[in-house]
$ cat entry.cif   # mmCIF, N, CA and C atoms
data_run
#
loop_
_atom_site.label_atom_id
_atom_site.label_comp_id
_atom_site.auth_asym_id
_atom_site.auth_seq_id
_atom_site.Cartn_x
_atom_site.Cartn_y
_atom_site.Cartn_z
N MET A 1 -2.02 -11.57 -28.59
CA MET A 1 -1.26 -11.93 -27.41
C MET A 1 -1.84 -11.18 -26.22
N PRO A 2 -2.11 -11.89 -25.10
CA PRO A 2 -2.68 -11.20 -23.94
C PRO A 2 -1.70 -10.22 -23.33
N GLU A 3 -2.29 -9.19 -22.75
CA GLU A 3 -1.47 -8.15 -22.14
C GLU A 3 -0.79 -8.69 -20.89
N ASP A 4 0.50 -8.49 -20.79
CA ASP A 4 1.27 -8.92 -19.63
C ASP A 4 0.84 -8.11 -18.41
N PHE A 5 0.90 -8.69 -17.22
CA PHE A 5 0.49 -8.03 -15.99
C PHE A 5 1.31 -6.77 -15.73
N HIS A 6 2.54 -6.75 -16.19
CA HIS A 6 3.42 -5.62 -15.90
C HIS A 6 3.49 -4.60 -17.03
N THR A 7 2.68 -4.74 -18.04
CA THR A 7 2.63 -3.73 -19.07
C THR A 7 1.27 -3.05 -19.02
N THR A 8 1.24 -1.84 -19.48
CA THR A 8 0.00 -1.08 -19.45
C THR A 8 -0.27 -0.52 -20.83
N ASN A 9 -1.53 -0.25 -21.12
CA ASN A 9 -1.85 0.36 -22.40
C ASN A 9 -1.67 1.88 -22.29
N GLY A 10 -1.83 2.58 -23.41
CA GLY A 10 -1.59 4.02 -23.45
C GLY A 10 -2.47 4.81 -22.51
N ALA A 11 -3.77 4.48 -22.47
CA ALA A 11 -4.69 5.21 -21.59
C ALA A 11 -4.32 5.01 -20.13
N ASP A 12 -3.95 3.78 -19.78
CA ASP A 12 -3.55 3.48 -18.41
C ASP A 12 -2.29 4.26 -18.04
N GLN A 13 -1.36 4.37 -18.97
CA GLN A 13 -0.12 5.10 -18.70
C GLN A 13 -0.39 6.59 -18.47
N ASP A 14 -1.36 7.14 -19.20
CA ASP A 14 -1.71 8.55 -19.00
C ASP A 14 -2.29 8.78 -17.60
N ILE A 15 -3.16 7.89 -17.16
CA ILE A 15 -3.77 8.02 -15.84
C ILE A 15 -2.71 7.84 -14.75
N VAL A 16 -1.83 6.87 -14.95
CA VAL A 16 -0.75 6.63 -13.98
C VAL A 16 0.15 7.87 -13.88
N ALA A 17 0.49 8.44 -15.01
CA ALA A 17 1.34 9.63 -15.00
C ALA A 17 0.65 10.79 -14.27
N LYS A 18 -0.66 10.89 -14.45
CA LYS A 18 -1.42 11.98 -13.82
C LYS A 18 -1.43 11.87 -12.29
N TYR A 19 -1.54 10.63 -11.77
CA TYR A 19 -1.70 10.44 -10.34
C TYR A 19 -0.46 9.86 -9.64
N LYS A 20 0.61 9.67 -10.37
CA LYS A 20 1.81 9.05 -9.78
C LYS A 20 2.31 9.82 -8.55
N SER A 21 2.37 11.13 -8.66
CA SER A 21 2.87 11.95 -7.54
C SER A 21 1.99 11.79 -6.31
N LEU A 22 0.67 11.78 -6.51
CA LEU A 22 -0.24 11.63 -5.38
C LEU A 22 -0.05 10.29 -4.69
N ILE A 23 0.10 9.23 -5.47
CA ILE A 23 0.31 7.91 -4.88
C ILE A 23 1.64 7.87 -4.12
N LEU A 24 2.68 8.45 -4.68
CA LEU A 24 3.98 8.47 -3.99
C LEU A 24 3.91 9.28 -2.70
N VAL A 25 3.20 10.39 -2.72
CA VAL A 25 3.01 11.18 -1.49
C VAL A 25 2.23 10.36 -0.47
N THR A 26 1.24 9.62 -0.94
CA THR A 26 0.45 8.78 -0.03
C THR A 26 1.32 7.70 0.60
N TYR A 27 2.21 7.10 -0.16
CA TYR A 27 3.15 6.14 0.43
C TYR A 27 3.99 6.83 1.51
N GLY A 28 4.46 8.04 1.24
CA GLY A 28 5.23 8.78 2.25
C GLY A 28 4.40 9.08 3.49
N LEU A 29 3.14 9.43 3.28
CA LEU A 29 2.26 9.68 4.43
C LEU A 29 2.05 8.43 5.26
N PHE A 30 2.04 7.28 4.62
CA PHE A 30 1.85 6.03 5.34
C PHE A 30 2.98 5.77 6.33
N ILE A 31 4.13 6.35 6.11
CA ILE A 31 5.24 6.15 7.04
C ILE A 31 5.05 7.01 8.29
N PHE A 32 4.66 8.27 8.12
CA PHE A 32 4.58 9.18 9.26
C PHE A 32 3.16 9.49 9.73
N PHE A 33 2.21 9.52 8.81
CA PHE A 33 0.82 9.87 9.13
C PHE A 33 -0.14 8.89 8.44
N PRO A 34 -0.17 7.64 8.90
CA PRO A 34 -0.97 6.63 8.20
C PRO A 34 -2.47 6.94 8.15
N LEU A 35 -3.01 7.63 9.15
CA LEU A 35 -4.44 7.95 9.11
C LEU A 35 -4.77 8.90 7.96
N ILE A 36 -3.91 9.86 7.70
CA ILE A 36 -4.12 10.75 6.56
C ILE A 36 -3.98 9.96 5.26
N GLY A 37 -3.02 9.07 5.21
CA GLY A 37 -2.82 8.24 4.02
C GLY A 37 -4.01 7.37 3.71
N ILE A 38 -4.58 6.73 4.73
CA ILE A 38 -5.72 5.85 4.48
C ILE A 38 -6.96 6.65 4.07
N ILE A 39 -7.10 7.85 4.60
CA ILE A 39 -8.22 8.70 4.19
C ILE A 39 -8.09 9.06 2.71
N ILE A 40 -6.89 9.42 2.29
CA ILE A 40 -6.66 9.72 0.87
C ILE A 40 -6.99 8.50 0.01
N CYS A 41 -6.58 7.33 0.46
CA CYS A 41 -6.86 6.11 -0.31
C CYS A 41 -8.36 5.91 -0.51
N TYR A 42 -9.12 6.06 0.54
CA TYR A 42 -10.56 5.84 0.42
C TYR A 42 -11.25 6.96 -0.37
N VAL A 43 -10.79 8.19 -0.22
CA VAL A 43 -11.40 9.30 -0.95
C VAL A 43 -11.12 9.20 -2.45
N LYS A 44 -9.91 8.83 -2.83
CA LYS A 44 -9.52 8.80 -4.24
C LYS A 44 -9.70 7.43 -4.89
N ARG A 45 -10.16 6.45 -4.15
CA ARG A 45 -10.25 5.08 -4.65
C ARG A 45 -11.03 4.97 -5.95
N SER A 46 -12.16 5.64 -6.06
CA SER A 46 -12.98 5.53 -7.27
C SER A 46 -12.26 6.13 -8.48
N SER A 47 -11.46 7.15 -8.29
CA SER A 47 -10.70 7.74 -9.40
C SER A 47 -9.63 6.79 -9.92
N PHE A 48 -9.11 5.96 -9.04
CA PHE A 48 -8.02 5.06 -9.41
C PHE A 48 -8.50 3.75 -10.01
N ARG A 49 -9.79 3.49 -9.99
CA ARG A 49 -10.32 2.25 -10.55
C ARG A 49 -10.12 2.18 -12.07
N GLN A 50 -9.88 3.32 -12.71
CA GLN A 50 -9.68 3.37 -14.16
C GLN A 50 -8.36 2.72 -14.57
N SER A 51 -7.45 2.58 -13.64
CA SER A 51 -6.11 2.08 -13.95
C SER A 51 -5.79 0.85 -13.12
N MET A 52 -5.35 -0.21 -13.79
CA MET A 52 -4.95 -1.43 -13.08
C MET A 52 -3.79 -1.13 -12.13
N VAL A 53 -2.85 -0.30 -12.56
CA VAL A 53 -1.68 0.00 -11.74
C VAL A 53 -2.09 0.77 -10.48
N LEU A 54 -2.85 1.84 -10.65
CA LEU A 54 -3.25 2.65 -9.51
C LEU A 54 -4.17 1.89 -8.57
N ASP A 55 -5.10 1.13 -9.13
CA ASP A 55 -6.02 0.36 -8.31
C ASP A 55 -5.27 -0.67 -7.47
N SER A 56 -4.25 -1.29 -8.05
CA SER A 56 -3.47 -2.28 -7.30
C SER A 56 -2.71 -1.61 -6.15
N HIS A 57 -2.23 -0.40 -6.35
CA HIS A 57 -1.50 0.30 -5.28
C HIS A 57 -2.43 0.75 -4.16
N ILE A 58 -3.62 1.21 -4.52
CA ILE A 58 -4.57 1.61 -3.48
C ILE A 58 -5.00 0.40 -2.66
N ALA A 59 -5.28 -0.72 -3.35
CA ALA A 59 -5.64 -1.94 -2.62
C ALA A 59 -4.48 -2.39 -1.73
N TRP A 60 -3.25 -2.30 -2.22
CA TRP A 60 -2.06 -2.66 -1.45
C TRP A 60 -1.95 -1.81 -0.19
N LEU A 61 -2.14 -0.50 -0.32
CA LEU A 61 -2.06 0.39 0.84
C LEU A 61 -3.18 0.12 1.84
N ILE A 62 -4.38 -0.08 1.36
CA ILE A 62 -5.51 -0.34 2.25
C ILE A 62 -5.30 -1.65 3.01
N ARG A 63 -4.88 -2.70 2.31
CA ARG A 63 -4.60 -3.97 3.00
C ARG A 63 -3.46 -3.82 3.99
N THR A 64 -2.43 -3.08 3.61
CA THR A 64 -1.30 -2.85 4.52
C THR A 64 -1.77 -2.18 5.80
N PHE A 65 -2.59 -1.15 5.68
CA PHE A 65 -3.08 -0.42 6.85
C PHE A 65 -3.89 -1.34 7.77
N TRP A 66 -4.89 -2.02 7.22
CA TRP A 66 -5.78 -2.80 8.07
C TRP A 66 -5.11 -4.03 8.67
N PHE A 67 -4.28 -4.74 7.90
CA PHE A 67 -3.59 -5.90 8.45
C PHE A 67 -2.58 -5.49 9.52
N SER A 68 -1.90 -4.37 9.32
CA SER A 68 -0.96 -3.92 10.34
C SER A 68 -1.68 -3.43 11.59
N LEU A 69 -2.84 -2.80 11.41
CA LEU A 69 -3.61 -2.37 12.57
C LEU A 69 -4.08 -3.58 13.39
N ILE A 70 -4.57 -4.59 12.71
CA ILE A 70 -4.99 -5.82 13.40
C ILE A 70 -3.79 -6.46 14.10
N GLY A 71 -2.66 -6.54 13.41
CA GLY A 71 -1.45 -7.11 14.02
C GLY A 71 -0.99 -6.32 15.23
N ALA A 72 -1.05 -4.99 15.13
CA ALA A 72 -0.63 -4.15 16.26
C ALA A 72 -1.58 -4.32 17.44
N LEU A 73 -2.87 -4.43 17.18
CA LEU A 73 -3.83 -4.65 18.27
C LEU A 73 -3.60 -5.99 18.95
N ILE A 74 -3.31 -7.01 18.17
CA ILE A 74 -2.99 -8.31 18.76
C ILE A 74 -1.72 -8.19 19.61
N GLY A 75 -0.73 -7.46 19.10
CA GLY A 75 0.50 -7.25 19.86
C GLY A 75 0.25 -6.51 21.16
N VAL A 76 -0.61 -5.49 21.12
CA VAL A 76 -0.93 -4.74 22.34
C VAL A 76 -1.65 -5.62 23.33
N LEU A 77 -2.59 -6.42 22.85
CA LEU A 77 -3.33 -7.32 23.75
C LEU A 77 -2.43 -8.36 24.39
N LEU A 78 -1.38 -8.74 23.68
CA LEU A 78 -0.44 -9.73 24.24
C LEU A 78 0.82 -9.08 24.83
N SER A 79 0.78 -7.78 25.03
CA SER A 79 1.96 -7.10 25.53
C SER A 79 2.31 -7.44 26.98
N PHE A 80 1.34 -7.99 27.70
CA PHE A 80 1.67 -8.42 29.07
C PHE A 80 2.68 -9.56 29.04
N ALA A 81 2.73 -10.28 27.95
CA ALA A 81 3.74 -11.31 27.74
C ALA A 81 4.75 -10.77 26.74
N PHE A 82 5.92 -11.29 26.76
CA PHE A 82 6.97 -10.82 25.86
C PHE A 82 6.57 -10.99 24.39
N ILE A 83 5.73 -11.94 24.09
CA ILE A 83 5.34 -12.23 22.71
C ILE A 83 4.67 -11.01 22.06
N GLY A 84 3.96 -10.21 22.83
CA GLY A 84 3.32 -9.02 22.27
C GLY A 84 4.31 -8.03 21.70
N ASN A 85 5.43 -7.85 22.39
CA ASN A 85 6.47 -6.95 21.89
C ASN A 85 7.09 -7.48 20.60
N VAL A 86 7.27 -8.77 20.55
CA VAL A 86 7.82 -9.39 19.34
C VAL A 86 6.84 -9.22 18.17
N ILE A 87 5.57 -9.45 18.44
CA ILE A 87 4.55 -9.29 17.39
C ILE A 87 4.53 -7.86 16.88
N MET A 88 4.55 -6.89 17.77
CA MET A 88 4.53 -5.49 17.34
C MET A 88 5.78 -5.13 16.53
N PHE A 89 6.93 -5.69 16.91
CA PHE A 89 8.16 -5.44 16.15
C PHE A 89 8.06 -6.04 14.75
N VAL A 90 7.60 -7.28 14.66
CA VAL A 90 7.47 -7.94 13.36
C VAL A 90 6.46 -7.20 12.48
N VAL A 91 5.35 -6.79 13.06
CA VAL A 91 4.34 -6.04 12.30
C VAL A 91 4.92 -4.72 11.79
N SER A 92 5.72 -4.05 12.60
CA SER A 92 6.33 -2.79 12.19
C SER A 92 7.28 -2.98 11.01
N ILE A 93 8.10 -4.02 11.06
CA ILE A 93 9.03 -4.31 9.97
C ILE A 93 8.24 -4.68 8.71
N TRP A 94 7.21 -5.51 8.86
CA TRP A 94 6.37 -5.92 7.73
C TRP A 94 5.71 -4.69 7.09
N TYR A 95 5.18 -3.81 7.92
CA TYR A 95 4.52 -2.59 7.46
C TYR A 95 5.48 -1.71 6.66
N LEU A 96 6.63 -1.43 7.23
CA LEU A 96 7.62 -0.60 6.53
C LEU A 96 8.08 -1.25 5.24
N GLY A 97 8.26 -2.57 5.27
CA GLY A 97 8.67 -3.28 4.06
C GLY A 97 7.65 -3.17 2.95
N ARG A 98 6.37 -3.30 3.30
CA ARG A 98 5.31 -3.18 2.29
C ARG A 98 5.21 -1.77 1.75
N VAL A 99 5.35 -0.77 2.62
CA VAL A 99 5.27 0.61 2.15
C VAL A 99 6.45 0.93 1.23
N ILE A 100 7.64 0.51 1.60
CA ILE A 100 8.82 0.76 0.77
C ILE A 100 8.71 0.01 -0.55
N LYS A 101 8.32 -1.27 -0.49
CA LYS A 101 8.17 -2.07 -1.71
C LYS A 101 7.14 -1.45 -2.65
N GLY A 102 6.02 -1.02 -2.10
CA GLY A 102 4.98 -0.40 -2.91
C GLY A 102 5.43 0.92 -3.51
N GLY A 103 6.11 1.74 -2.72
CA GLY A 103 6.60 3.01 -3.22
C GLY A 103 7.59 2.84 -4.37
N LEU A 104 8.47 1.85 -4.23
CA LEU A 104 9.43 1.59 -5.31
C LEU A 104 8.73 1.07 -6.56
N ALA A 105 7.73 0.23 -6.39
CA ALA A 105 6.97 -0.26 -7.55
C ALA A 105 6.21 0.88 -8.22
N MET A 106 5.65 1.79 -7.42
CA MET A 106 4.94 2.93 -8.00
C MET A 106 5.91 3.83 -8.76
N TRP A 107 7.09 4.00 -8.22
CA TRP A 107 8.11 4.81 -8.89
C TRP A 107 8.38 4.25 -10.29
N ASP A 108 8.40 2.91 -10.40
CA ASP A 108 8.62 2.24 -11.69
C ASP A 108 7.32 2.05 -12.48
N GLU A 109 6.20 2.52 -11.92
CA GLU A 109 4.87 2.41 -12.53
C GLU A 109 4.46 0.97 -12.78
N LYS A 110 4.78 0.09 -11.83
CA LYS A 110 4.40 -1.33 -11.93
C LYS A 110 3.29 -1.60 -10.93
N PRO A 111 2.36 -2.48 -11.28
CA PRO A 111 1.27 -2.81 -10.36
C PRO A 111 1.76 -3.68 -9.21
N MET A 112 1.01 -3.68 -8.14
CA MET A 112 1.32 -4.51 -6.98
C MET A 112 0.54 -5.81 -7.09
N GLY A 113 1.09 -6.85 -6.49
CA GLY A 113 0.42 -8.14 -6.45
C GLY A 113 -0.55 -8.19 -5.27
N THR A 114 -0.99 -9.39 -4.97
CA THR A 114 -1.95 -9.56 -3.87
C THR A 114 -1.35 -10.35 -2.71
N GLY A 115 -0.06 -10.61 -2.73
CA GLY A 115 0.57 -11.41 -1.69
C GLY A 115 0.77 -10.67 -0.39
N TRP A 116 1.27 -11.38 0.59
CA TRP A 116 1.50 -10.81 1.92
C TRP A 116 2.70 -9.90 1.92
N PHE A 117 3.65 -10.13 1.02
CA PHE A 117 4.82 -9.26 0.93
C PHE A 117 5.36 -9.32 -0.45
#
$ encode --input "entry.cif" --output "structure tokens"
Amino acid sequence: MPEDFHTTNGADQDIVAKYKSLILVTYGLFIFFPLIGIIICYVKRSSFRQSMVLDSHIAWLIRTFWFSLIGALIGVLLSFAFIGNVIMFVVSIWYLGRVIKGGLAMWDEKPMGTGWF
């Protein structure tokens, strides 16, 4: 029977247990200090490739950072019109939602998907 996406083997569980705290701290950093969080993601990325769960969370955080940065830049460029403020607000809510969703999934040691939210 093929391995379910939400189950992990024993070796994967050991790696997840080893790095779970670091990933959770990184999620916390993404709320207040996203630049430090993204640096940690890129520095530790190769270590997390051993685990499907950890790799999915690092990819989730990296995508969250870059897509929100692009969205915020678009919002700033359109800030002369009211639409820019709306875009920045929506991007902020989307960003926080992804960080919270990812942090809760990491707490449960579940991998993240590839969707927008």
$ residues_around --input "entry.cif" --residues "region 50-57 of chain A" --least-positions-apart "4" --cutoff "6 Å" --atoms "only N, CA and C atoms" --output "number ranges by chain"
A: 12, 46, 61-62, 110-112
$ closest_residue --input "entry.cif" --among "A:Ile100, A:Ala59, A:Leu77, A:Cys41" --to "Thr114 (chain A)" --atoms "all atoms listed in the file"
A:Ala59
$ atom_distance --input "entry.cif" --atom1 "CA of Glu109 (chain A)" --atom2 "CA of Ile93 (chain A)"
23.8 Å
$ closest_residue --input "entry.cif" --among "A:Ala17, A:Val99, A:Met106, A:Val90" --to "Thr64 (chain A)" --atoms "only N, CA and C atoms"
A:Val99
$ closest_residue --input "entry.cif" --among "A:Leu69, A:Asn85, A:Phe80, A:Gly103" --to "Tyr27 (chain A)" --atoms "all atoms listed in the file"
A:Gly103
$ closest_residue --input "entry.cif" --among "A:Ala81, A:Ala72, A:Ile58, A:Leu29" --to "Tyr42 (chain A)" --atoms "only N, CA and C atoms"
A:Ile58
$ residues_around --input "entry.cif" --residues "Leu73 (chain A)" --least-positions-apart "6" --cutoff "10 Å" --atoms "only C-alpha atoms" --output "list in words"
Phe67, Ser79, Gly84, Ile87 and Met88 of chain A
